[in-house]
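One file, query.txt, is given below (compact mmCIF, C-alpha atoms).
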```txt
# COMPACT_ATOMS: atom_id res chain seq x y z
CA MET A 1 49.41 83.20 138.26
CA PRO A 2 49.05 84.25 134.61
CA ALA A 3 52.01 83.83 132.29
CA PHE A 4 53.97 87.01 131.62
CA ALA A 5 57.29 88.40 130.41
CA ILE A 6 58.94 91.74 131.08
CA TYR A 7 61.96 92.43 128.91
CA ARG A 8 64.39 95.12 127.78
CA LEU A 9 66.55 94.98 124.67
CA PRO A 10 70.28 95.86 124.80
CA HIS A 11 71.27 99.54 124.57
CA THR A 12 67.71 100.76 125.20
CA ASP A 13 65.79 102.12 128.21
CA ARG A 14 62.34 100.82 127.22
CA SER A 15 60.69 97.85 128.96
CA PHE A 16 57.93 95.74 127.45
CA LEU A 17 55.25 93.76 129.26
CA VAL A 18 53.73 90.73 127.52
CA GLN A 19 50.92 89.00 129.39
CA GLN A 20 48.57 86.12 128.62
CA THR A 21 45.41 87.03 130.52
CA GLU A 22 43.51 83.75 130.13
CA GLY A 23 44.51 80.12 129.94
CA GLU A 24 48.03 78.70 129.84
CA PRO A 25 50.74 79.19 127.23
CA GLU A 26 50.77 76.91 124.22
CA GLU A 27 53.20 74.02 124.63
CA LEU A 28 55.39 73.00 121.67
CA LEU A 29 57.74 70.04 121.34
CA VAL A 30 59.89 71.07 118.35
CA CYS A 31 61.27 74.44 117.29
CA ASN A 32 59.79 74.37 113.80
CA GLU A 33 56.31 74.55 115.33
CA LEU A 34 57.18 78.23 115.88
CA ASN A 35 56.78 78.89 112.14
CA GLY A 36 54.18 81.61 111.71
CA ARG A 37 53.60 82.08 115.47
CA GLN A 38 53.56 85.23 117.57
CA GLY A 39 54.14 85.79 121.27
CA PHE A 40 56.90 85.52 123.86
CA VAL A 41 58.69 82.19 123.67
CA VAL A 42 60.48 80.40 126.53
CA ALA A 43 62.42 77.30 125.44
CA PRO A 44 64.46 74.85 127.56
CA PHE A 45 67.79 73.23 126.78
CA GLU A 46 66.11 69.84 126.46
CA ILE A 47 62.56 69.91 125.12
CA THR A 48 60.23 67.31 126.68
CA ALA A 49 56.53 66.97 127.41
CA GLU A 50 57.22 67.97 131.03
CA GLN A 51 59.57 70.75 129.92
CA PRO A 52 58.16 72.11 126.65
CA ILE A 53 58.68 75.25 124.63
CA CYS A 54 56.14 77.68 126.13
CA LEU A 55 54.60 80.36 123.92
CA ILE A 56 52.97 83.20 125.88
CA ARG A 57 50.04 84.56 123.88
CA PRO A 58 50.35 88.37 123.66
CA ASP A 59 46.88 89.26 125.00
CA ARG A 60 48.41 92.34 126.59
CA VAL A 61 51.50 94.11 125.24
CA GLU A 62 52.57 97.43 126.75
CA GLU A 63 55.68 99.58 126.54
CA TYR A 64 57.12 101.51 129.48
CA ASP A 65 59.76 104.17 129.93
CA GLY A 66 62.47 102.37 131.79
CA GLN A 67 61.27 100.41 134.83
CA ASP A 68 58.71 102.88 136.10
CA ALA A 69 56.34 102.58 139.04
CA ALA A 70 53.36 101.66 136.87
CA LEU A 71 55.16 98.56 135.60
CA GLU A 72 56.17 97.62 139.14
CA LYS A 73 52.57 97.94 140.32
CA ILE A 74 51.33 95.72 137.49
CA LEU A 75 53.90 93.05 138.30
CA ASP A 76 53.04 93.17 141.99
CA THR A 77 49.40 92.53 141.07
CA ILE A 78 50.37 89.59 138.84
CA LEU A 79 52.64 88.02 141.47
CA ALA A 80 50.01 88.47 144.16
CA SER A 81 47.84 85.98 142.30
CA ALA A 82 50.40 83.20 142.79
CA ASP A 83 49.16 80.15 144.73
CA SER A 84 50.94 78.29 147.51
CA SER A 85 52.61 75.87 145.10
CA SER A 86 55.47 78.26 144.45
CA ALA A 87 56.12 78.62 148.17
CA ALA A 88 56.02 74.84 148.60
CA SER A 89 58.48 74.26 145.80
CA ALA A 90 60.83 76.80 147.36
CA GLU A 91 61.28 74.47 150.34
CA ARG A 92 63.48 72.32 148.10
CA LEU A 93 66.14 75.04 147.98
CA HIS A 94 68.28 75.67 151.00
CA SER A 95 71.85 76.98 150.88
CA ASN A 96 73.80 80.21 151.08
CA ILE A 97 74.46 81.71 147.67
CA THR A 98 77.94 82.93 148.53
CA ILE A 99 79.25 79.60 149.83
CA PRO A 100 79.37 76.62 147.45
CA HIS A 101 77.70 73.43 148.63
CA PRO A 102 80.39 71.13 150.08
CA SER A 103 79.87 68.69 147.21
CA GLU A 104 79.53 71.30 144.45
CA ARG A 105 83.24 71.54 143.71
CA GLU A 106 83.56 67.78 143.90
CA TYR A 107 80.67 67.29 141.47
CA TYR A 108 82.23 69.74 139.05
CA SER A 109 85.56 67.93 139.27
CA ILE A 110 83.88 64.59 138.50
CA ASP A 111 82.00 66.07 135.55
CA PHE A 112 85.08 67.85 134.23
CA ALA A 113 87.15 64.65 134.34
CA ASN A 114 84.40 62.77 132.49
CA PHE A 115 83.91 65.46 129.85
CA HIS A 116 87.62 66.08 129.38
CA ALA A 117 88.38 62.38 128.93
CA GLN A 118 85.87 62.25 126.09
CA LEU A 119 87.51 65.25 124.44
CA GLN A 120 91.00 63.79 124.76
CA ALA A 121 89.76 60.51 123.31
CA GLY A 122 88.51 62.39 120.26
CA ALA A 123 84.81 61.59 120.79
CA PHE A 124 83.95 65.32 120.68
CA ARG A 125 85.54 68.51 119.38
CA LYS A 126 83.88 70.62 122.08
CA LEU A 127 81.63 70.07 125.12
CA VAL A 128 79.94 72.64 127.34
CA LEU A 129 79.87 71.86 131.07
CA SER A 130 77.46 73.76 133.32
CA ARG A 131 76.80 73.96 137.04
CA CYS A 132 74.18 75.32 139.43
CA VAL A 133 74.37 77.19 142.75
CA GLU A 134 71.43 77.34 145.16
CA GLY A 135 70.73 80.30 147.40
CA GLU A 136 68.34 82.55 149.29
CA LEU A 137 67.15 85.97 148.23
CA PRO A 138 68.30 88.82 150.51
CA LEU A 139 65.99 90.81 152.73
CA ALA A 140 64.43 93.93 151.26
CA ALA A 141 66.17 97.22 151.93
CA ASP A 142 63.37 98.43 154.23
CA GLY A 143 64.61 96.04 156.92
CA GLU A 144 61.39 94.06 157.37
CA THR A 145 62.35 90.68 158.76
CA ASP A 146 60.05 88.64 156.51
CA ALA A 147 60.27 90.70 153.30
CA ARG A 148 62.62 89.61 150.52
CA VAL A 149 63.83 91.63 147.59
CA SER A 150 61.10 91.55 144.92
CA PRO A 151 61.44 89.99 141.46
CA PHE A 152 60.84 93.43 139.96
CA GLU A 153 63.71 94.88 142.00
CA LEU A 154 65.97 92.12 140.68
CA TYR A 155 64.86 92.96 137.14
CA ARG A 156 65.45 96.67 137.77
CA ARG A 157 68.95 96.01 139.10
CA ALA A 158 69.81 93.84 136.09
CA CYS A 159 68.67 96.62 133.74
CA GLU A 160 70.78 99.13 135.66
CA TYR A 161 73.91 96.98 135.87
CA TYR A 162 73.89 95.50 132.37
CA PRO A 163 72.88 98.03 129.70
CA ARG A 164 74.51 95.96 126.92
CA MET A 165 72.53 92.79 127.69
CA PHE A 166 69.05 91.45 127.01
CA ILE A 167 67.18 91.47 130.34
CA ALA A 168 64.00 89.45 130.93
CA LEU A 169 61.83 88.37 133.85
CA VAL A 170 59.54 85.57 132.69
CA TYR A 171 56.96 83.27 134.24
CA THR A 172 54.99 80.33 132.89
CA PRO A 173 53.43 77.50 134.92
CA LYS A 174 55.74 74.98 133.24
CA SER A 175 59.01 76.91 133.46
CA GLY A 176 58.52 78.80 136.71
CA LEU A 177 59.95 82.29 137.27
CA TRP A 178 63.29 83.16 135.58
CA LEU A 179 65.49 86.24 135.42
CA THR A 180 68.15 86.40 132.72
CA ALA A 181 70.78 88.94 131.71
CA THR A 182 72.28 87.49 128.57
CA PRO A 183 74.77 88.80 126.00
CA GLU A 184 74.03 86.15 123.35
CA MET A 185 71.52 86.93 120.62
CA LEU A 186 70.21 83.79 118.92
CA LEU A 187 68.09 85.27 116.11
CA GLU A 188 66.72 88.68 115.19
CA ILE A 189 64.44 89.55 112.29
CA GLY A 190 63.98 93.07 111.00
CA GLU A 191 62.09 94.37 107.98
CA ARG A 192 64.78 93.42 105.46
CA GLU A 193 67.29 91.05 107.03
CA TRP A 194 67.86 88.39 109.65
CA ARG A 195 70.73 88.41 112.15
CA THR A 196 72.49 85.92 114.38
CA ILE A 197 75.88 85.78 116.12
CA ALA A 198 78.61 83.36 117.15
CA LEU A 199 79.66 84.22 120.72
CA ALA A 200 82.29 82.20 122.57
CA GLY A 201 85.52 82.59 124.50
CA THR A 202 85.74 84.33 127.86
CA GLN A 203 88.35 86.48 129.57
CA LEU A 204 88.54 89.41 131.98
CA PRO A 205 88.85 93.00 130.71
CA GLY A 206 92.45 94.12 130.60
CA GLU A 207 93.80 90.83 129.27
CA THR A 208 95.44 91.93 126.04
CA GLN A 209 95.52 88.73 124.02
CA TRP A 210 93.05 85.91 123.42
CA SER A 211 94.35 82.42 124.11
CA ASP A 212 94.46 79.81 121.35
CA LYS A 213 91.78 77.88 123.25
CA ASN A 214 89.36 80.83 123.20
CA ILE A 215 90.06 81.61 119.54
CA GLN A 216 89.51 77.98 118.55
CA GLU A 217 86.32 77.73 120.60
CA GLN A 218 84.82 80.81 118.94
CA ARG A 219 85.85 79.61 115.48
CA LEU A 220 84.05 76.31 116.03
CA VAL A 221 80.84 78.17 116.85
CA ALA A 222 81.16 80.56 113.89
CA THR A 223 81.81 77.71 111.46
CA TYR A 224 78.77 75.86 112.78
CA VAL A 225 76.53 78.92 112.34
CA ALA A 226 77.74 79.41 108.76
CA GLU A 227 77.05 75.76 107.93
CA CYS A 228 73.53 76.04 109.35
CA LEU A 229 72.77 79.16 107.32
CA GLU A 230 73.98 77.48 104.14
CA GLN A 231 71.01 75.12 104.45
CA PHE A 232 68.63 78.05 103.91
CA THR A 233 70.43 80.73 101.89
CA ASP A 234 73.62 81.63 100.06
CA ASP A 235 72.98 85.31 100.80
CA PHE A 236 74.74 85.78 104.15
CA CYS A 237 77.67 87.80 105.42
CA GLU A 238 80.01 87.19 108.38
CA GLU A 239 81.85 90.01 110.17
CA GLY A 240 84.36 89.40 112.95
CA PRO A 241 85.47 88.02 115.24
CA TYR A 242 85.88 91.00 117.56
CA SER A 243 85.93 91.52 121.32
CA VAL A 244 82.74 92.54 123.13
CA ARG A 245 82.08 93.24 126.78
CA ALA A 246 79.29 91.60 128.76
CA ALA A 247 79.12 92.83 132.36
CA HIS A 248 82.61 92.23 133.80
CA LEU A 249 83.67 89.72 131.11
CA MET A 250 84.90 89.85 127.52
CA HIS A 251 83.87 87.50 124.72
CA LEU A 252 84.71 86.95 121.06
CA ARG A 253 81.84 87.61 118.65
CA SER A 254 81.14 87.24 114.93
CA ASP A 255 78.02 88.78 113.36
CA PHE A 256 75.99 87.13 110.62
CA THR A 257 73.39 88.91 108.49
CA PHE A 258 71.32 87.04 105.92
CA THR A 259 68.13 87.03 103.88
CA LEU A 260 65.72 84.20 103.13
CA PRO A 261 63.56 83.66 100.04
CA ASP A 262 60.63 82.87 102.35
CA GLY A 263 60.39 84.64 105.71
CA ASN A 264 57.87 82.21 107.20
CA HIS A 265 60.39 79.64 108.38
CA LEU A 266 61.78 81.07 111.61
CA GLY A 267 61.12 77.78 113.40
CA ASP A 268 63.03 75.84 110.77
CA VAL A 269 66.07 78.10 111.18
CA LEU A 270 65.89 77.68 114.96
CA GLN A 271 65.62 73.91 114.55
CA ALA A 272 68.90 73.96 112.62
CA LEU A 273 70.75 76.48 114.82
CA TYR A 274 69.75 75.36 118.27
CA PRO A 275 71.38 74.28 120.48
CA THR A 276 74.51 75.95 119.17
CA PRO A 277 78.03 74.77 120.12
CA ALA A 278 78.15 77.81 122.45
CA VAL A 279 75.88 75.92 124.90
CA CYS A 280 76.20 72.33 123.71
CA GLY A 281 79.19 71.10 121.71
CA LEU A 282 80.27 69.36 118.53
CA PRO A 283 79.11 67.10 117.02
CA LYS A 284 75.79 68.67 117.99
CA ARG A 285 73.45 65.70 118.52
CA GLU A 286 76.04 63.47 120.15
CA SER A 287 77.23 66.21 122.52
CA PHE A 288 73.65 67.11 123.42
CA ASN A 289 72.88 63.52 124.37
CA PHE A 290 76.11 63.23 126.35
CA ILE A 291 75.44 66.43 128.30
CA LYS A 292 71.88 65.59 129.29
CA THR A 293 73.02 62.14 130.47
CA ASN A 294 76.20 63.11 132.31
CA GLU A 295 75.83 66.59 133.85
CA HIS A 296 75.03 66.44 137.58
CA THR A 297 72.53 69.34 137.42
CA PRO A 298 69.64 69.34 134.92
CA ARG A 299 69.70 72.64 133.04
CA ARG A 300 65.94 73.04 132.69
CA TYR A 301 65.37 76.42 130.98
CA TYR A 302 68.97 77.56 131.46
CA SER A 303 70.83 77.60 128.10
CA GLY A 304 67.53 77.44 126.26
CA PHE A 305 66.28 80.59 124.57
CA MET A 306 63.62 83.24 125.03
CA GLY A 307 62.29 86.39 123.44
CA MET A 308 59.53 88.03 121.43
CA LEU A 309 58.23 86.66 118.14
CA ARG A 310 56.59 89.23 115.86
CA PRO A 311 56.55 89.67 112.08
CA CYS A 312 59.57 91.77 111.07
CA ASP A 313 60.40 92.41 114.75
CA THR A 314 61.69 89.23 116.42
CA HIS A 315 64.34 89.21 119.16
CA LEU A 316 65.43 85.83 120.54
CA TYR A 317 68.31 85.37 123.01
CA VAL A 318 70.08 82.38 124.52
CA SER A 319 69.14 82.09 128.20
CA LEU A 320 72.53 82.58 129.83
CA ARG A 321 73.44 84.26 133.16
CA CYS A 322 70.16 82.89 134.57
CA MET A 323 68.38 82.79 137.88
CA ASN A 324 65.36 80.57 138.63
CA ILE A 325 63.34 82.16 141.46
CA GLU A 326 61.12 80.03 143.71
CA GLY A 327 59.61 81.85 146.66
CA THR A 328 62.45 83.24 148.77
CA HIS A 329 65.06 81.02 147.13
CA CYS A 330 66.83 80.83 143.80
CA ARG A 331 69.10 78.76 141.58
CA LEU A 332 71.90 80.37 139.57
CA TYR A 333 73.37 78.69 136.48
CA ALA A 334 76.61 79.06 134.53
CA GLY A 335 78.73 77.02 132.15
CA GLY A 336 81.77 77.05 129.94
CA GLY A 337 83.07 75.45 126.78
CA LEU A 338 85.67 72.69 127.12
CA LEU A 339 88.22 71.71 124.50
CA CYS A 340 90.92 69.06 124.57
CA ASP A 341 93.45 71.44 126.19
CA SER A 342 91.07 72.90 128.81
CA ASN A 343 92.26 73.26 132.41
CA GLU A 344 89.88 72.43 135.26
CA GLU A 345 90.87 75.28 137.59
CA GLN A 346 90.60 77.83 134.79
CA GLU A 347 87.20 76.50 133.74
CA TRP A 348 85.91 76.54 137.33
CA ALA A 349 87.10 80.16 137.66
CA GLU A 350 85.26 81.04 134.45
CA THR A 351 81.97 79.68 135.82
CA GLU A 352 82.53 81.62 139.05
CA ALA A 353 83.00 84.81 137.03
CA LYS A 354 79.81 84.15 135.06
CA LEU A 355 77.81 83.43 138.23
CA GLU A 356 78.84 86.87 139.47
CA THR A 357 76.43 88.45 136.97
CA MET A 358 73.40 87.19 138.91
CA ARG A 359 75.12 87.23 142.29
CA ARG A 360 75.52 90.98 141.93
CA CYS A 361 71.77 91.33 141.41
CA ILE A 362 70.93 89.49 144.63
CA ALA A 363 73.64 91.04 146.76
CA THR A 364 72.24 92.78 149.84
CA ARG A 365 72.23 96.55 149.35
CA ARG A 366 73.30 98.81 152.18
CA THR A 367 71.53 102.15 152.62
```
Can you present the structure in this file as C-alpha cells?
Amino acid sequence: MPAFAIYRLPHTDRSFLVQQTEGEPEELLVCNELNGRQGFVVAPFEITAEQPICLIRPDRVEEYDGQDAALEKILDTILASADSSSAASAERLHSNITIPHPSEREYYSIDFANFHAQLQAGAFRKLVLSRCVEGELPLAADGETDARVSPFELYRRACEYYPRMFIALVYTPKSGLWLTATPEMLLEIGEREWRTIALAGTQLPGETQWSDKNIQEQRLVATYVAECLEQFTDDFCEEGPYSVRAAHLMHLRSDFTFTLPDGNHLGDVLQALYPTPAVCGLPKRESFNFIKTNEHTPRRYYSGFMGMLRPCDTHLYVSLRCMNIEGTHCRLYAGGGLLCDSNEEQEWAETEAKLETMRRCIATRRT
C-alpha cells in the first residue's frame, strides 16, 4: 500500500491528500535531517532504525472541500492495495475497547508508583506516564456481518466531532495506519513568523479554577519552550497562559511567536524542542530515557509528531489522542503529566477522559 496522509487543519473545512505514488518514504534518524525537506512527516516518540522518522514524498497533493465522496473513493482505492500483512498483524490485538484488560489498571498502578517515587525523590521535576487500550472496530452501519467501519469514516467522524483539532489519517509501511485528533501544535511556519505553543494541564469544562498542579505543569512546559527558543533567537513573544477547549477537555496554553535570521533550520528547532515536557518530562534527556525503559506499553508513533512541511507553510502537531488501526482492530493511547503531588486516581481518570476522544470515533452508531 502506498504511503499517504489525509489531514485537516483546526478551524477549517478543507482536507488535503498527500500521497507518495512510488517507492517508500525516506527514513530519517534525527530531527535536524528535516532541514530543507518537504513532504508529510510522521515521527515517533523514540526514533530508531526500526521506528524512524518517515517523510512521505508529496508526489500527489490535492485539496478537497470537507470530506467529500471523491476523497473517500481515492482512499478506498489506496487501502484496497494493502497486502495480507496488515490482516496478519491485526491478529495480535484482541480485546473489547470499552472494558480495560484485567491487568491494565494493575500495570498503570505499578508504573505510577515507580514514576511517582522518582518524582518524590527529586530525580525529576515532571514525568509523563502513558497507557494503551486495545480494541475492535465496530461493524459498519449497513449491518453487514463482516464489514467494519472504514478508516475514512473514522477520519470523517473526527473532523465532525473536533473542529478545533488537527485531524490526520496517515499510513507508512514503517508506522502503520494512524488516526489522530490532537490539540497540540508543535511548530508552524508562515511567510513572516514561526509559532509554537506550550500546552499542559487538563480539567473538565465547568471547573472554575485551575489547580496548583495544573498551573505548575503548564509553567514548566512554557519555561522549557522559551529556553529552547533562546538558543535560536532573541526575537520571540509569549502570550498566555489561557484556557482552551479540546473536545470535552480544557487545557492551559501559552502561545509563542518568533522569527529566525535563517529560515532553513526547521529541523534544528525541532531537535531542540522535541520531545517537549508535555509528552516527556524534565530534565528532558533523563526523563526520556526513564520513560522508554519503564513504561509497560511502548509508545511507538504516539506522542511523536506529524504534519506537512512546506516552505512558508509548515504545520506540525504532536501526535496525541491517537489510534493505531490494524485490520479490524485498534490501539488507543493516552497519557498525563505527573508531578510530585500527583494523585493516582486523578491521573487515571485523566487518561480515561483523554481516551474518550478516540472512543467516541469508534462508538457504534445507531440508525
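Using only C-alpha atoms, the residues found no farther than 12 Å from stretch 207-212 of chain A, other than those of its own chain fewer than 3 positions away, are A:Ala200, A:Gly201, A:Thr202, A:Gln203, A:Leu204, A:Ile215, A:Gln216, A:Glu217, A:Gln218, A:Arg219, A:Pro241, A:Tyr242, A:Ser243, A:Leu249, A:Met250, A:His251, A:Leu252, A:Leu339, A:Cys340, A:Asp341, A:Ser342.
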Restricting the output to C-alpha atoms, write the selected residues as a PDB file, in the frame of the given file.
```pdb
ATOM      1  CA  ALA A 200      82.290  82.200 122.570  1.00  0.00           C
ATOM      2  CA  GLY A 201      85.520  82.590 124.500  1.00  0.00           C
ATOM      3  CA  THR A 202      85.740  84.330 127.860  1.00  0.00           C
ATOM      4  CA  GLN A 203      88.350  86.480 129.570  1.00  0.00           C
ATOM      5  CA  LEU A 204      88.540  89.410 131.980  1.00  0.00           C
ATOM      6  CA  ILE A 215      90.060  81.610 119.540  1.00  0.00           C
ATOM      7  CA  GLN A 216      89.510  77.980 118.550  1.00  0.00           C
ATOM      8  CA  GLU A 217      86.320  77.730 120.600  1.00  0.00           C
ATOM      9  CA  GLN A 218      84.820  80.810 118.940  1.00  0.00           C
ATOM     10  CA  ARG A 219      85.850  79.610 115.480  1.00  0.00           C
ATOM     11  CA  PRO A 241      85.470  88.020 115.240  1.00  0.00           C
ATOM     12  CA  TYR A 242      85.880  91.000 117.560  1.00  0.00           C
ATOM     13  CA  SER A 243      85.930  91.520 121.320  1.00  0.00           C
ATOM     14  CA  LEU A 249      83.670  89.720 131.110  1.00  0.00           C
ATOM     15  CA  MET A 250      84.900  89.850 127.520  1.00  0.00           C
ATOM     16  CA  HIS A 251      83.870  87.500 124.720  1.00  0.00           C
ATOM     17  CA  LEU A 252      84.710  86.950 121.060  1.00  0.00           C
ATOM     18  CA  LEU A 339      88.220  71.710 124.500  1.00  0.00           C
ATOM     19  CA  CYS A 340      90.920  69.060 124.570  1.00  0.00           C
ATOM     20  CA  ASP A 341      93.450  71.440 126.190  1.00  0.00           C
ATOM     21  CA  SER A 342      91.070  72.900 128.810  1.00  0.00           C
TER      22      SER A 342
END
```
Next on the checklist: Using all atoms listed in the file, can you tell me which of A:Ala278, A:Tyr302, A:Gly337, A:Thr182 comes closest to A:Ala158?
Outcome noted: A:Thr182
Item to check | Point-to-point distance from atom CA of A:Ala121 to atom CA of A:Asn343, Å rounded to tenths | outcome: 15.9 Å
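Relative to atom CA of A:Thr196, atom CA of A:Leu29 is found at 22.8 Å.
Minimum atom-to-atom distances from A:Tyr64, A:Thr259, A:Ile56, A:Gly335 to A:Thr297 were compared using all atoms listed in the file, and the lowest value belongs to A:Gly335.
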Checklist entry - Looking at A:Leu309, A:Met185, A:Val269, A:Val149, which one is nearest to A:Ser254, with distances taken over all atoms listed in the file? => result A:Met185
Checklist outcome for this item: Judged by only C-alpha atoms, the minimum distance to A:Pro283 among A:Leu177, A:Leu127, A:Cys237, A:Leu139 is found for A:Leu127
